[in-house]
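K.L.:
First the structure, then my questions, so here it is.
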Amino acid sequence: QVQLVESGGGLVQAGGSLRLSCAASRSIFSLEAMGWYRQAPGKLRELVARISRGGNINYAYSVKGRFTISRDNAKNVVYLQMNSLKPEDTAVYYCNAEIAGGAWGQGTQVTVSS
């Protein structure tokens, strides 16, 4: 098992930036993939970005060119750099580890004001 703790959320104006961090309780080097998801009020949870063990990266179309996912295996941390934020990016952002049974963090709120 692995515990995940997100941080870095907050309130920002449209056009601003935030960097989210996801700290894992153990090594993430061997995990198949890590990802960031988000859930806005009244909507389903959706994939934002995913990075595999081999470094392959996928982004949701809506965030391509604005968000960047990265991982630091030495620190067991996954980051999500979010630039040019829009009000529609407002959501609770969750970190996910692709392991048997899945693992999720508690979420961090991101609010983008217009």
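Within each chain, counting starts at residue 1; across the structure tokens, chains are named A, B, ... in the order shown, with ligands numbered 1 upward in that order.
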Would you list the contacts of Pro87 of chain A as a list in words, taking every protein, DNA or RNA residue within 12 Å and counting only C-alpha atoms, but skipping same-chain residues closer than 3 positions in sequence?

P.N.:
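My list of contacting residues is Leu11, Val12, Gln13, Ala14, Gly15, Gly16, Ala40, Ser84, Thr90, Ala91, Val110, Thr111, Val112, Ser113 and Ser114 of chain A.
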
K.L.:
For Arg53 of chain A, find every residue with an atom within 10 Å (counting only C-alpha atoms), except residues of its own chain fewer than 4 positions away, and show them as a PyMOL selection string.

P.N.:
chain A and resi 28-34+57+71+73

K.L.:
Can you pull out the residues contacting Leu4 of chain A? Cut-off 12 Å, using only C-alpha atoms, and skip same-chain residues under 5 positions away; I want them as a list in words.

P.N.:
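Those residues are Ser21, Cys22, Ala23, Ala24, Ser25, Arg26, Ser27, Ile28, Met34, Gly35, Trp36, Asn76, Val77, Val78, Tyr94, Cys95, Asn96, Ala97, Glu98, Gly102, Ala103, Trp104, Gly105, Gln106, Gly107 and Thr108 of chain A.
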
K.L.:
Using only C-alpha atoms, determine which residues lie at most 9 Å from Gln81 of chain A, disregarding the query and same-chain residues fewer than 3 positions distant; provide the list as an MDAnalysis selection string.

P.N.:
chainID A and resid 17:21 66:70

K.L.:
Could you write out the selected residues, including all heavy atoms, as a tab-separated table (two decimals), in the first residue's frame?

P.N.:
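Result file is again_5.tsv:
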```tsv
chain	number	residue	atom	x	y	z
A	17	SER	N	-0.73	30.85	-11.82
A	17	SER	CA	-0.12	29.52	-11.77
A	17	SER	C	-0.16	28.95	-10.37
A	17	SER	O	-0.18	29.69	-9.38
A	17	SER	CB	1.35	29.61	-12.22
A	17	SER	OG	1.46	30.06	-13.56
A	18	LEU	N	-0.16	27.63	-10.31
A	18	LEU	CA	-0.03	26.90	-9.06
A	18	LEU	C	0.77	25.64	-9.35
A	18	LEU	O	0.74	25.12	-10.47
A	18	LEU	CB	-1.40	26.49	-8.50
A	18	LEU	CG	-2.27	27.54	-7.83
A	18	LEU	CD1	-3.63	26.95	-7.49
A	18	LEU	CD2	-1.60	28.08	-6.57
A	19	ARG	N	1.46	25.15	-8.32
A	19	ARG	CA	2.13	23.86	-8.45
A	19	ARG	C	1.63	22.95	-7.35
A	19	ARG	O	1.79	23.26	-6.16
A	19	ARG	CB	3.65	24.00	-8.36
A	19	ARG	CG	4.34	22.67	-8.70
A	19	ARG	CD	5.85	22.76	-8.70
A	19	ARG	NE	6.43	22.70	-7.37
A	19	ARG	CZ	7.67	22.32	-7.10
A	19	ARG	NH1	8.47	21.93	-8.10
A	19	ARG	NH2	8.13	22.32	-5.86
A	20	LEU	N	1.06	21.86	-7.75
A	20	LEU	CA	0.60	20.86	-6.80
A	20	LEU	C	1.69	19.81	-6.58
A	20	LEU	O	2.43	19.47	-7.51
A	20	LEU	CB	-0.66	20.17	-7.31
A	20	LEU	CG	-1.85	21.06	-7.68
A	20	LEU	CD1	-3.05	20.21	-8.09
A	20	LEU	CD2	-2.20	22.00	-6.55
A	21	SER	N	1.75	19.31	-5.36
A	21	SER	CA	2.69	18.24	-5.02
A	21	SER	C	1.93	17.07	-4.43
A	21	SER	O	0.93	17.25	-3.73
A	21	SER	CB	3.72	18.73	-4.00
A	21	SER	OG	4.48	19.80	-4.50
A	66	ARG	N	-0.75	23.75	-21.03
A	66	ARG	CA	-0.81	24.61	-19.83
A	66	ARG	C	-0.31	23.90	-18.58
A	66	ARG	O	0.26	24.54	-17.70
A	66	ARG	CB	-2.26	25.06	-19.60
A	66	ARG	CG	-2.85	25.86	-20.74
A	66	ARG	CD	-4.21	26.44	-20.37
A	66	ARG	NE	-5.22	25.41	-20.08
A	66	ARG	CZ	-5.87	25.30	-18.93
A	66	ARG	NH1	-5.63	26.17	-17.95
A	66	ARG	NH2	-6.77	24.35	-18.74
A	67	PHE	N	-0.54	22.61	-18.49
A	67	PHE	CA	-0.16	21.84	-17.30
A	67	PHE	C	1.01	20.92	-17.64
A	67	PHE	O	1.12	20.43	-18.77
A	67	PHE	CB	-1.31	20.97	-16.82
A	67	PHE	CG	-2.47	21.71	-16.21
A	67	PHE	CD1	-2.59	23.09	-16.31
A	67	PHE	CD2	-3.47	21.02	-15.54
A	67	PHE	CE1	-3.67	23.76	-15.75
A	67	PHE	CE2	-4.54	21.67	-14.97
A	67	PHE	CZ	-4.65	23.04	-15.09
A	68	THR	N	1.86	20.68	-16.64
A	68	THR	CA	2.98	19.77	-16.80
A	68	THR	C	3.08	18.85	-15.59
A	68	THR	O	3.15	19.33	-14.45
A	68	THR	CB	4.30	20.54	-16.95
A	68	THR	OG1	4.21	21.44	-18.06
A	68	THR	CG2	5.46	19.58	-17.18
A	69	ILE	N	3.09	17.55	-15.85
A	69	ILE	CA	3.26	16.58	-14.78
A	69	ILE	C	4.71	16.12	-14.77
A	69	ILE	O	5.33	15.97	-15.83
A	69	ILE	CB	2.30	15.38	-14.94
A	69	ILE	CG1	2.35	14.47	-13.72
A	69	ILE	CG2	2.59	14.61	-16.23
A	69	ILE	CD1	1.27	13.37	-13.73
A	70	SER	N	5.23	15.91	-13.57
A	70	SER	CA	6.60	15.39	-13.45
A	70	SER	C	6.69	14.57	-12.17
A	70	SER	O	5.83	14.66	-11.30
A	70	SER	CB	7.62	16.53	-13.44
A	70	SER	OG	7.40	17.39	-12.33
```

K.L.:
Could you find all residues in chain A that DSSP calls strand (DSSP E) from the backbone, and write them as JSON, numbers by chain?

P.N.:
{"A": [4, 5, 6, 7, 10, 11, 12, 13, 18, 19, 20, 21, 22, 23, 24, 33, 34, 35, 36, 37, 38, 39, 46, 47, 48, 49, 50, 51, 52, 57, 58, 59, 67, 68, 69, 70, 71, 72, 77, 78, 79, 80, 81, 82, 91, 92, 93, 94, 95, 96, 97, 103, 104, 108, 109, 110, 111, 112, 113]}

K.L.:
List the spatial neighbours of Asn58 of chain A as number ranges by chain - criterion: any atom at most 8 Å away, only C-alpha atoms, same-chain residues fewer than 6 positions off excluded.

P.N.:
A: 49-51

K.L.:
Would you compute the distance between atom CA of Ala74 of chain A and atom CA of Ala100 of chain A? Give it in Å to one decimal.

P.N.:
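Computing it gives 22.3 Å between the two atoms.
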
K.L.:
Restricting the calculation to only C-alpha atoms: of A:Tyr79, A:Tyr37, A:Ile99, A:Tyr93, which residue gets closest to Gly10 of chain A?

P.N.:
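Going through A:Tyr79, A:Tyr37, A:Ile99, A:Tyr93 one by one, the smallest distance to Gly10 of chain A is for A:Tyr93.
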
K.L.:
Once DSSP has gone over the backbone, tell me which residues of chain A are in helix (DSSP H, G or I), as a ChimeraX atom specification.

P.N.:
/A:61-63,87-89

K.L.:
Rounded to one decimal, what separation in Å do you get between atom CA of Tyr59 of chain A and atom CA of Pro41 of chain A?

P.N.:
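Atom-to-atom, atom CA of Tyr59 of chain A and atom CA of Pro41 of chain A are spaced 21.0 Å apart.
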
K.L.:
Record the distance separating atom CA of Glu6 of chain A and atom CA of Lys64 of chain A, expressed in Å with one decimal.

P.N.:
21.4 Å

K.L.:
Select, from A:Val2, A:Val63, A:Arg38, A:Leu47, the residue with the minimum atom-to-atom distance to Gly101 of chain A, counting only C-alpha atoms.

P.N.:
A:Val2
